[in-house]
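This is target35.pdb (PDB, C-alpha atoms and all ligand atoms).
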MODEL        1
ATOM      1  CA  MET A   4     -24.133   2.120 -17.193
ATOM      2  CA  ALA A   5     -22.073   5.079 -18.359
ATOM      3  CA  ILE A   6     -18.308   5.142 -17.720
ATOM      4  CA  LEU A   7     -17.757   7.035 -14.463
ATOM      5  CA  GLY A   8     -14.207   8.161 -15.264
ATOM      6  CA  ILE A   9     -15.806  10.925 -17.341
ATOM      7  CA  PRO A  10     -16.494  13.909 -15.014
ATOM      8  CA  GLN A  11     -20.077  14.595 -16.239
ATOM      9  CA  ASN A  12     -21.093  11.009 -15.456
ATOM     10  CA  THR A  13     -19.603  11.131 -11.972
ATOM     11  CA  ILE A  14     -21.376  14.434 -11.296
ATOM     12  CA  ALA A  15     -24.688  12.955 -12.523
ATOM     13  CA  VAL A  16     -24.406   9.968 -10.146
ATOM     14  CA  LEU A  17     -23.426  12.159  -7.185
ATOM     15  CA  LYS A  18     -26.385  14.458  -7.862
ATOM     16  CA  LYS A  19     -28.849  11.645  -8.314
ATOM     17  CA  TYR A  20     -27.977  10.238  -4.892
ATOM     18  CA  ASN A  21     -27.410  13.605  -3.260
ATOM     19  CA  PHE A  22     -24.032  12.301  -2.135
ATOM     20  CA  ASN A  23     -21.937  14.300   0.336
ATOM     21  CA  PHE A  24     -18.175  13.691   0.316
ATOM     22  CA  GLN A  25     -16.800  12.535   3.657
ATOM     23  CA  LYS A  26     -13.404  14.088   4.240
ATOM     24  CA  LYS A  27     -12.733  11.712   7.143
ATOM     25  CA  PHE A  28     -12.817   8.775   4.679
ATOM     26  CA  GLY A  29     -10.305  10.345   2.273
ATOM     27  CA  GLN A  30     -12.845  10.504  -0.536
ATOM     28  CA  ASN A  31     -11.294  11.835  -3.745
ATOM     29  CA  PHE A  32     -12.830  10.111  -6.739
ATOM     30  CA  LEU A  33     -10.923   9.615  -9.991
ATOM     31  CA  ILE A  34     -12.320  11.469 -12.994
ATOM     32  CA  ASP A  35      -9.699  10.732 -15.650
ATOM     33  CA  THR A  36     -10.002   7.742 -17.954
ATOM     34  CA  ARG A  37      -6.321   7.873 -18.966
ATOM     35  CA  VAL A  38      -5.228   7.506 -15.350
ATOM     36  CA  LEU A  39      -7.680   4.636 -14.840
ATOM     37  CA  GLU A  40      -6.380   2.851 -17.933
ATOM     38  CA  ARG A  41      -2.782   3.365 -16.782
ATOM     39  CA  ILE A  42      -3.556   1.810 -13.378
ATOM     40  CA  ILE A  43      -5.250  -1.209 -14.958
ATOM     41  CA  GLN A  44      -2.401  -1.672 -17.434
ATOM     42  CA  ALA A  45       0.273  -1.408 -14.705
ATOM     43  CA  SER A  46      -1.599  -3.865 -12.485
ATOM     44  CA  GLY A  47      -1.358  -6.545 -15.183
ATOM     45  CA  VAL A  48      -4.829  -7.837 -14.192
ATOM     46  CA  THR A  49      -6.188 -10.538 -16.516
ATOM     47  CA  LYS A  50      -9.194 -12.871 -16.637
ATOM     48  CA  GLU A  51      -7.187 -15.276 -14.434
ATOM     49  CA  ASP A  52      -7.119 -12.864 -11.516
ATOM     50  CA  PHE A  53      -9.029 -12.365  -8.313
ATOM     51  CA  VAL A  54      -8.752  -8.682  -7.438
ATOM     52  CA  LEU A  55      -9.314  -6.984  -4.110
ATOM     53  CA  GLU A  56     -10.189  -3.319  -4.425
ATOM     54  CA  ILE A  57      -9.970  -1.182  -1.294
ATOM     55  CA  GLY A  58     -12.396   1.756  -1.287
ATOM     56  CA  PRO A  59     -14.351   1.518  -4.570
ATOM     57  CA  GLY A  60     -16.087   4.891  -3.993
ATOM     58  CA  ILE A  61     -18.854   5.092  -6.607
ATOM     59  CA  GLY A  62     -17.292   2.220  -8.578
ATOM     60  CA  THR A  63     -15.200   4.177 -11.089
ATOM     61  CA  MET A  64     -12.213   1.807 -11.105
ATOM     62  CA  THR A  65     -14.336  -1.184 -10.134
ATOM     63  CA  GLN A  66     -16.037  -1.028 -13.548
ATOM     64  CA  TYR A  67     -12.644  -1.384 -15.254
ATOM     65  CA  LEU A  68     -11.587  -4.156 -12.894
ATOM     66  CA  CYS A  69     -14.790  -6.096 -13.626
ATOM     67  CA  GLU A  70     -14.012  -5.886 -17.351
ATOM     68  CA  TYR A  71     -10.443  -7.164 -16.963
ATOM     69  CA  ALA A  72     -10.483  -9.534 -13.974
ATOM     70  CA  ARG A  73     -12.106 -12.897 -13.340
ATOM     71  CA  GLU A  74     -13.524 -11.794 -10.034
ATOM     72  CA  VAL A  75     -13.510  -8.601  -7.990
ATOM     73  CA  ALA A  76     -14.160  -8.028  -4.290
ATOM     74  CA  ALA A  77     -14.499  -4.381  -3.280
ATOM     75  CA  VAL A  78     -14.451  -3.283   0.372
ATOM     76  CA  GLU A  79     -16.064   0.097   1.083
ATOM     77  CA  ILE A  80     -16.478   1.658   4.526
ATOM     78  CA  ASP A  81     -19.068   4.317   3.632
ATOM     79  CA  LYS A  82     -22.618   2.921   3.901
ATOM     80  CA  ASN A  83     -23.945   5.733   1.713
ATOM     81  CA  LEU A  84     -21.944   4.415  -1.249
ATOM     82  CA  ILE A  85     -23.437   0.906  -1.181
ATOM     83  CA  PRO A  86     -26.718   1.723  -3.008
ATOM     84  CA  ILE A  87     -24.730   3.743  -5.563
ATOM     85  CA  LEU A  88     -22.367   0.819  -6.202
ATOM     86  CA  LYS A  89     -25.371  -1.450  -6.647
ATOM     87  CA  GLU A  90     -26.449   0.678  -9.569
ATOM     88  CA  THR A  91     -23.063   1.524 -11.118
ATOM     89  CA  LEU A  92     -21.949  -2.126 -11.060
ATOM     90  CA  SER A  93     -25.310  -3.652 -12.008
ATOM     91  CA  ALA A  94     -23.983  -4.782 -15.404
ATOM     92  CA  TYR A  95     -21.432  -7.132 -13.793
ATOM     93  CA  ASP A  96     -21.913 -10.515 -12.193
ATOM     94  CA  ASN A  97     -18.257 -10.982 -11.205
ATOM     95  CA  VAL A  98     -18.157  -8.451  -8.385
ATOM     96  CA  GLU A  99     -18.959  -8.559  -4.693
ATOM     97  CA  VAL A 100     -19.207  -5.338  -2.692
ATOM     98  CA  ILE A 101     -18.493  -5.692   1.000
ATOM     99  CA  GLN A 102     -19.397  -2.902   3.368
ATOM    100  CA  GLY A 103     -16.748  -2.638   6.068
ATOM    101  CA  ASP A 104     -13.444  -1.270   7.305
ATOM    102  CA  ILE A 105     -10.515  -2.846   5.458
ATOM    103  CA  LEU A 106      -8.377  -2.608   8.601
ATOM    104  CA  LYS A 107     -10.839  -4.784  10.516
ATOM    105  CA  ILE A 108     -11.230  -7.532   7.916
ATOM    106  CA  ASP A 109      -9.175 -10.729   8.196
ATOM    107  CA  ILE A 110      -7.925 -10.655   4.600
ATOM    108  CA  ASN A 111      -6.014 -13.908   4.947
ATOM    109  CA  ASP A 112      -9.176 -15.719   5.898
ATOM    110  CA  PHE A 113     -11.028 -13.859   3.151
ATOM    111  CA  VAL A 114      -8.532 -14.946   0.451
ATOM    112  CA  GLN A 115      -8.664 -18.494   1.756
ATOM    113  CA  LYS A 116     -12.452 -18.568   1.344
ATOM    114  CA  LYS A 117     -12.798 -16.582  -1.872
ATOM    115  CA  ASN A 118      -9.714 -17.657  -3.819
ATOM    116  CA  GLN A 119      -8.782 -20.959  -2.143
ATOM    117  CA  GLY A 120      -5.647 -19.321  -0.733
ATOM    118  CA  ASN A 121      -4.249 -18.543  -4.202
ATOM    119  CA  PRO A 122      -2.436 -15.210  -4.654
ATOM    120  CA  ILE A 123      -4.632 -12.207  -5.355
ATOM    121  CA  LYS A 124      -3.906  -8.802  -6.849
ATOM    122  CA  VAL A 125      -4.772  -5.652  -4.911
ATOM    123  CA  VAL A 126      -5.675  -2.559  -6.931
ATOM    124  CA  ALA A 127      -6.834   0.633  -5.261
ATOM    125  CA  ASN A 128      -6.981   4.380  -5.155
ATOM    126  CA  LEU A 129      -6.287   4.351  -1.439
ATOM    127  CA  PRO A 130      -7.735   6.567   1.271
ATOM    128  CA  TYR A 131      -4.491   8.422   2.101
ATOM    129  CA  TYR A 132      -5.074   8.651   5.854
ATOM    130  CA  ILE A 133      -4.483   4.909   6.251
ATOM    131  CA  THR A 134      -2.020   4.110   3.436
ATOM    132  CA  THR A 135       0.739   2.714   5.667
ATOM    133  CA  PRO A 136      -1.434   0.490   7.915
ATOM    134  CA  ILE A 137      -3.161  -0.954   4.832
ATOM    135  CA  ILE A 138       0.093  -1.817   3.047
ATOM    136  CA  MET A 139       1.885  -3.109   6.125
ATOM    137  CA  GLY A 140      -1.203  -5.064   7.147
ATOM    138  CA  LEU A 141      -1.246  -6.828   3.774
ATOM    139  CA  PHE A 142       2.478  -7.652   3.910
ATOM    140  CA  GLU A 143       2.897  -8.523   7.574
ATOM    141  CA  SER A 144      -0.116 -10.799   7.733
ATOM    142  CA  HIS A 145       1.366 -12.733   4.781
ATOM    143  CA  VAL A 146      -1.792 -12.508   2.675
ATOM    144  CA  PRO A 147      -1.174 -14.526  -0.538
ATOM    145  CA  LEU A 148      -0.368 -11.695  -2.947
ATOM    146  CA  ASP A 149       1.006 -11.215  -6.457
ATOM    147  CA  SER A 150       1.075  -7.458  -6.438
ATOM    148  CA  ILE A 151      -0.408  -4.260  -5.041
ATOM    149  CA  THR A 152      -1.014  -1.437  -7.537
ATOM    150  CA  ILE A 153      -2.129   1.662  -5.691
ATOM    151  CA  MET A 154      -2.636   5.382  -5.876
ATOM    152  CA  VAL A 155      -0.996   7.045  -2.893
ATOM    153  CA  GLN A 156       0.234  10.488  -1.898
ATOM    154  CA  LYS A 157       3.261  11.331  -4.077
ATOM    155  CA  GLU A 158       5.588  11.798  -1.073
ATOM    156  CA  VAL A 159       4.594   8.405   0.295
ATOM    157  CA  ALA A 160       5.336   6.712  -3.054
ATOM    158  CA  GLU A 161       8.754   8.390  -3.031
ATOM    159  CA  ARG A 162       9.413   7.204   0.526
ATOM    160  CA  MET A 163       8.560   3.627  -0.428
ATOM    161  CA  GLN A 164      11.076   3.715  -3.264
ATOM    162  CA  ALA A 165      13.866   5.674  -1.530
ATOM    163  CA  GLY A 166      17.366   4.291  -0.955
ATOM    164  CA  PRO A 167      19.973   4.880   1.809
ATOM    165  CA  GLY A 168      21.381   8.346   2.344
ATOM    166  CA  THR A 169      18.357  10.197   0.922
ATOM    167  CA  LYS A 170      15.954  12.324   2.969
ATOM    168  CA  ASP A 171      12.987  10.126   2.043
ATOM    169  CA  TYR A 172      14.663   6.912   3.208
ATOM    170  CA  GLY A 173      13.102   5.477   6.339
ATOM    171  CA  ALA A 174      11.396   2.560   8.050
ATOM    172  CA  LEU A 175       8.633   2.507   5.400
ATOM    173  CA  SER A 176      11.178   2.246   2.552
ATOM    174  CA  LEU A 177      12.894  -0.710   4.198
ATOM    175  CA  ALA A 178       9.690  -2.471   5.183
ATOM    176  CA  VAL A 179       8.184  -2.205   1.699
ATOM    177  CA  GLN A 180      11.454  -3.129  -0.040
ATOM    178  CA  TYR A 181      11.829  -6.223   2.135
ATOM    179  CA  TYR A 182       8.522  -7.549   0.823
ATOM    180  CA  ALA A 183       8.273  -6.179  -2.698
ATOM    181  CA  LYS A 184       9.887  -4.738  -5.798
ATOM    182  CA  THR A 185       8.732  -1.118  -6.107
ATOM    183  CA  GLU A 186       7.962   0.822  -9.266
ATOM    184  CA  ILE A 187       6.357   4.275  -9.527
ATOM    185  CA  VAL A 188       4.300   4.040 -12.706
ATOM    186  CA  ALA A 189       2.627   7.461 -12.900
ATOM    187  CA  ASN A 190       2.434  10.853 -11.258
ATOM    188  CA  VAL A 191      -1.130  12.104 -11.004
ATOM    189  CA  PRO A 192      -2.027  15.788 -10.465
ATOM    190  CA  PRO A 193      -4.909  16.919  -8.190
ATOM    191  CA  ASN A 194      -7.166  17.850 -11.138
ATOM    192  CA  CYS A 195      -7.678  14.153 -11.947
ATOM    193  CA  PHE A 196      -9.846  13.830  -8.811
ATOM    194  CA  MET A 197     -13.148  15.118  -7.490
ATOM    195  CA  PRO A 198     -12.828  16.891  -5.111
ATOM    196  CA  ARG A 199      -9.203  17.857  -5.745
ATOM    197  CA  PRO A 200      -6.852  16.672  -2.994
ATOM    198  CA  GLY A 201      -4.424  19.150  -1.472
ATOM    199  CA  VAL A 202      -1.447  16.957  -2.398
ATOM    200  CA  GLY A 203       0.030  15.359  -5.509
ATOM    201  CA  SER A 204      -0.506  11.643  -6.072
ATOM    202  CA  ALA A 205       1.380   8.764  -7.654
ATOM    203  CA  VAL A 206       0.605   5.241  -8.734
ATOM    204  CA  ILE A 207       3.059   2.698  -7.374
ATOM    205  CA  LYS A 208       3.224  -1.008  -8.105
ATOM    206  CA  LEU A 209       4.574  -3.315  -5.401
ATOM    207  CA  THR A 210       5.364  -6.770  -6.762
ATOM    208  CA  ARG A 211       5.628  -9.263  -3.913
ATOM    209  CA  TYR A 212       8.926 -11.180  -3.766
ATOM    210  CA  ARG A 213       8.515 -14.929  -3.727
ATOM    211  CA  GLU A 214      11.664 -15.102  -1.634
ATOM    212  CA  ALA A 215      12.859 -12.265   0.581
ATOM    213  CA  PRO A 216      15.735 -10.311  -1.044
ATOM    214  CA  VAL A 217      17.848 -10.578   2.151
ATOM    215  CA  ILE A 218      18.276 -13.286   4.730
ATOM    216  CA  THR A 219      17.535 -12.573   8.353
ATOM    217  CA  SER A 220      17.218 -15.231  11.011
ATOM    218  CA  ASP A 221      14.959 -12.928  13.022
ATOM    219  CA  GLU A 222      12.572 -10.717  11.051
ATOM    220  CA  ARG A 223      11.183  -9.225  14.262
ATOM    221  CA  LEU A 224      14.631  -8.124  15.493
ATOM    222  CA  MET A 225      15.531  -6.717  12.065
ATOM    223  CA  PHE A 226      12.404  -4.531  12.062
ATOM    224  CA  ALA A 227      12.993  -3.490  15.690
ATOM    225  CA  LEU A 228      16.501  -2.340  14.650
ATOM    226  CA  ILE A 229      15.094  -0.466  11.668
ATOM    227  CA  ARG A 230      12.400   1.258  13.732
ATOM    228  CA  ALA A 231      14.846   2.221  16.488
ATOM    229  CA  SER A 232      17.347   3.641  13.963
ATOM    230  CA  PHE A 233      14.796   5.884  12.301
ATOM    231  CA  ASN A 234      12.935   6.882  15.467
ATOM    232  CA  GLN A 235      16.047   8.775  16.456
ATOM    233  CA  ARG A 236      17.388   9.692  13.045
ATOM    234  CA  ARG A 237      19.966  12.177  14.267
ATOM    235  CA  LYS A 238      21.628   9.828  16.686
ATOM    236  CA  THR A 239      24.335   7.398  15.690
ATOM    237  CA  LEU A 240      23.114   3.848  15.269
ATOM    238  CA  VAL A 241      24.842   2.750  18.489
ATOM    239  CA  ASN A 242      23.107   5.445  20.557
ATOM    240  CA  GLY A 243      19.776   4.994  18.780
ATOM    241  CA  LEU A 244      19.673   1.308  19.653
ATOM    242  CA  ASN A 245      20.486   1.944  23.295
ATOM    243  CA  ASN A 246      17.353   1.294  25.423
ATOM    244  CA  ALA A 247      15.183   0.965  22.295
ATOM    245  CA  ALA A 248      12.000  -1.125  22.346
ATOM    246  CA  GLY A 249      12.483  -4.787  21.455
ATOM    247  CA  ILE A 250      16.286  -4.567  21.527
ATOM    248  CA  THR A 251      18.218  -6.084  24.407
ATOM    249  CA  CYS A 252      21.810  -6.012  23.148
ATOM    250  CA  SER A 253      24.444  -3.851  24.826
ATOM    251  CA  LYS A 254      26.458  -0.996  23.346
ATOM    252  CA  PRO A 255      29.675  -3.083  23.133
ATOM    253  CA  GLN A 256      27.745  -5.829  21.276
ATOM    254  CA  VAL A 257      26.479  -3.314  18.712
ATOM    255  CA  LEU A 258      29.974  -1.836  18.318
ATOM    256  CA  GLU A 259      31.437  -5.292  17.797
ATOM    257  CA  ALA A 260      28.793  -6.085  15.158
ATOM    258  CA  LEU A 261      29.552  -2.829  13.332
ATOM    259  CA  ARG A 262      33.276  -3.644  13.407
ATOM    260  CA  LYS A 263      32.585  -7.044  11.858
ATOM    261  CA  MET A 264      30.537  -5.354   9.151
ATOM    262  CA  GLU A 265      33.397  -2.906   8.558
ATOM    263  CA  LEU A 266      31.166   0.056   9.370
ATOM    264  CA  PRO A 267      32.392   3.087  11.370
ATOM    265  CA  ALA A 268      31.384   3.218  15.057
ATOM    266  CA  ASN A 269      29.558   6.530  14.484
ATOM    267  CA  VAL A 270      27.511   5.356  11.479
ATOM    268  CA  ARG A 271      23.861   6.477  11.371
ATOM    269  CA  GLY A 272      21.032   4.076  10.685
ATOM    270  CA  GLU A 273      19.970   6.014   7.616
ATOM    271  CA  ALA A 274      23.228   5.010   5.889
ATOM    272  CA  LEU A 275      22.529   1.268   6.140
ATOM    273  CA  THR A 276      21.030  -0.769   3.320
ATOM    274  CA  LEU A 277      18.366  -3.417   3.867
ATOM    275  CA  GLU A 278      21.065  -6.053   3.452
ATOM    276  CA  GLN A 279      23.151  -4.414   6.195
ATOM    277  CA  PHE A 280      20.170  -4.282   8.568
ATOM    278  CA  ALA A 281      19.611  -7.995   7.908
ATOM    279  CA  LYS A 282      23.283  -8.736   8.592
ATOM    280  CA  LEU A 283      23.217  -6.647  11.760
ATOM    281  CA  SER A 284      20.166  -8.542  13.017
ATOM    282  CA  ASN A 285      21.958 -11.840  12.378
ATOM    283  CA  LEU A 286      25.045 -10.660  14.286
ATOM    284  CA  LEU A 287      23.015  -9.396  17.252
ATOM    285  CA  LEU A 288      20.837 -12.472  17.604
TER     286      LEU A 288
HETATM  287  N1  LIG B 301     -11.844   4.038  -5.909
HETATM  288  C1  LIG B 301     -12.555   5.281  -5.947
HETATM  289  C2  LIG B 301     -12.004   6.150  -7.055
HETATM  290  O1  LIG B 301     -10.895   5.891  -7.477
HETATM  291  O2  LIG B 301     -12.696   7.067  -7.491
HETATM  292  C3  LIG B 301     -12.517   6.007  -4.599
HETATM  293  C4  LIG B 301     -11.168   6.282  -4.007
HETATM  294  S1  LIG B 301     -11.170   7.318  -2.582
HETATM  295  C5  LIG B 301      -9.525   8.005  -2.659
HETATM  296  C6  LIG B 301     -10.982   6.201  -1.194
HETATM  297  C7  LIG B 301     -12.188   5.331  -0.901
HETATM  298  O3  LIG B 301     -11.870   4.501   0.234
HETATM  299  C8  LIG B 301     -13.448   6.086  -0.524
HETATM  300  O4  LIG B 301     -14.540   5.551  -1.222
HETATM  301  C9  LIG B 301     -13.604   5.846   0.987
HETATM  302  O5  LIG B 301     -14.952   5.895   1.440
HETATM  303  C10 LIG B 301     -12.985   4.468   1.133
HETATM  304  N2  LIG B 301     -12.462   4.152   2.483
HETATM  305  C11 LIG B 301     -11.940   5.008   3.396
HETATM  306  N3  LIG B 301     -11.538   4.358   4.511
HETATM  307  C12 LIG B 301     -11.798   3.046   4.298
HETATM  308  C13 LIG B 301     -11.621   1.864   5.082
HETATM  309  N4  LIG B 301     -11.080   1.918   6.306
HETATM  310  N5  LIG B 301     -12.032   0.665   4.572
HETATM  311  C14 LIG B 301     -12.582   0.605   3.323
HETATM  312  N6  LIG B 301     -12.771   1.697   2.539
HETATM  313  C15 LIG B 301     -12.382   2.899   3.014
ENDMDL
END
Here is a file; write its structure as structure tokens.
Amino acid sequence: MAILGIPQNTIAVLKKYNFNFQKKFGQNFLIDTRVLERIIQASGVTKEDFVLEIGPGIGTMTQYLCEYAREVAAVEIDKNLIPILKETLSAYDNVEVIQGDILKIDINDFVQKKNQGNPIKVVANLPYYITTPIIMGLFESHVPLDSITIMVQKEVAERMQAGPGTKDYGALSLAVQYYAKTEIVANVPPNCFMPRPGVGSAVIKLTRYREAPVITSDERLMFALIRASFNQRRKTLVNGLNNAAGITCSKPQVLEALRKMELPANVRGEALTLEQFAKLSNLLL
């Protein structure tokens, strides 16, 4: 089977199957071999690895993954792509294509069955409309993971990597940075895809921490504090936490905690580091 990363080959497959792109599924297929090689290289996938690919499309990256990994499982929602994948991946016996919605699959159970609960690597050119639920789903359900190497919208990659005091810093930055080390490995322009997306893209690698970088005695409270702080970005932290979902502490308790942390009473949530949110959650417990 010809390499699909070359535009003519992708066009030939799409024509042969009379394939119509589904906008609702975020279908933008990669047509640049250099970008594909960069993703594979950044992912660090070897013949030891079990790889989960989310949204294989016509199998462009799946072909590379099959060459480099021990085993590949690829979950694709679009039924019309399944016969195409059967053909484009016919040369490989180390791949399983699963038709389904990644958000509805119990990945923990899946990893248990397919890889005996050992850590997997996730590699994907994600459908952008569900980037955050996919990533948070993988982290929060504590799927055994080594790393996630993904193509996402450029702005989203920047938000994941942002630090305190910047405009991109928010609940997503803190959530991702609690679970993983982040590294943007490439910026990818729209002309590397078919059809071209209306936004720039970036490849980001999230390497799962074996131990959390901060200590919180109540993860749930820490994330409730983070969400409340950024839901009302313009308010001071004290006012933002007042009456917020999942938070029962009073204003004087929050003020006292801030005093102990040597932070001003009018500090905004966006100025706090992950470590400070963890400390705050411990003081408010
Ligand atoms: N991996 C291919 C590539 O790089 O050319 C395709 C990437 S395309 C950006 C995203 C893919 O995810 C599409 O094939 C789309 O049908 C699939 N997809 C969208 N929503 C999905 C979902 N909920 N579960 C699984 N796959 C999904």
Go ahead and compute the interatomic distance for CA of Gly8 in chain A and CA of Phe32 in chain A, in Å to one decimal. 8.9 Å
Within 6 Å of ligand LIG 301 (chain B) (all atoms listed in the file), residues as number ranges by chain: A: 28-33, 57-60, 63-64, 78-81, 103-106, 128-130
Just checking: using all atoms listed in the file, which residue out of A:Ala127, A:Ala178, A:Ala94, A:Ile14 ends up closest to Ala215 in chain A? A:Ala178
Which one of A:Ala183, A:Ile61, A:Val202, A:Val188 sits closest to Gln156 in chain A if you count only C-alpha atoms? A:Val202
Mind dumping a table of every range 190-254 of chain A residue within 6 Å of range 265-276 of chain A, with the nearest atom pair and its distance in Å to one decimal, using only C-alpha atoms, sorted by chain and rising number, as a Markdown table?
| residue | atom | partner | partner_atom | distance |
| --- | --- | --- | --- | --- |
| A:Ser232 | CA | A:Gly272 | CA | 5.0 |
| A:Thr239 | CA | A:Arg271 | CA | 4.4 |
| A:Leu240 | CA | A:Arg271 | CA | 4.8 |
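Summary of the local environment: counting all atoms listed in the file, residues at most 12 Å from Gly120 in chain A, other than itself and those fewer than 2 positions away along its chain, are Phe53, Ile110, Asn111, Asp112, Phe113, Val114, Gln115, Lys116, Lys117, Asn118, Pro122, Ile123, His145, Val146, Pro147, Leu148 and Asp149 of chain A.
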I'd like the interatomic distance between CA of Ala189 in chain A and CA of Ala205 in chain A, to a tenth of an Å. 5.5 Å
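The space between CA of Ser46 in chain A and CA of Phe226 in chain A spans 28.3 Å.
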Let me have the centre and edge lengths in Å, one decimal, of the box along x, y and z around every listed atom of range 102-110 of chain A with 8 Å of margin on each side, as AutoDock Vina command-line options.
--center_x -13.7 --center_y -6.0 --center_z 6.9 --size_x 27.5 --size_y 25.5 --size_z 23.1
For Leu283 in chain A, which of A:Thr36, A:Leu84, A:Tyr132, A:Ile218 is the closest residue, counting all atoms listed in the file?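 Between A:Thr36, A:Leu84, A:Tyr132, A:Ile218, the residue approaching Leu283 in chain A most closely is A:Ile218.
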Can you spell out as a list in words the set of residues that the PyMOL selection byres (((chain A and resi 158) around 9) and not hetatm) selects in the structure I just provided? Val155, Gln156, Lys157, Val159, Ala160, Glu161, Arg162, Met163, Asp171, Val202, Gly203, Ser204 and Ala205 of chain A
Quick one: range 6-19 of chain A with C-alpha atoms, as a compact mmCIF listing (two decimals), in the first residue's frame?
# COMPACT_ATOMS: atom_id res chain seq x y z
CA ILE A 6 2.25 5.93 1.77
CA LEU A 7 -0.80 8.11 2.41
CA GLY A 8 1.14 11.12 3.71
CA ILE A 9 1.79 11.99 0.06
CA PRO A 10 -1.16 14.12 -1.19
CA GLN A 11 -1.67 12.24 -4.51
CA ASN A 12 -2.07 8.94 -2.65
CA THR A 13 -4.59 10.39 -0.22
CA ILE A 14 -6.57 11.88 -3.10
CA ALA A 15 -6.54 8.52 -4.92
CA VAL A 16 -7.95 6.68 -1.87
CA LEU A 17 -10.62 9.33 -1.26
CA LYS A 18 -11.68 9.15 -4.92
CA LYS A 19 -11.73 5.38 -5.02
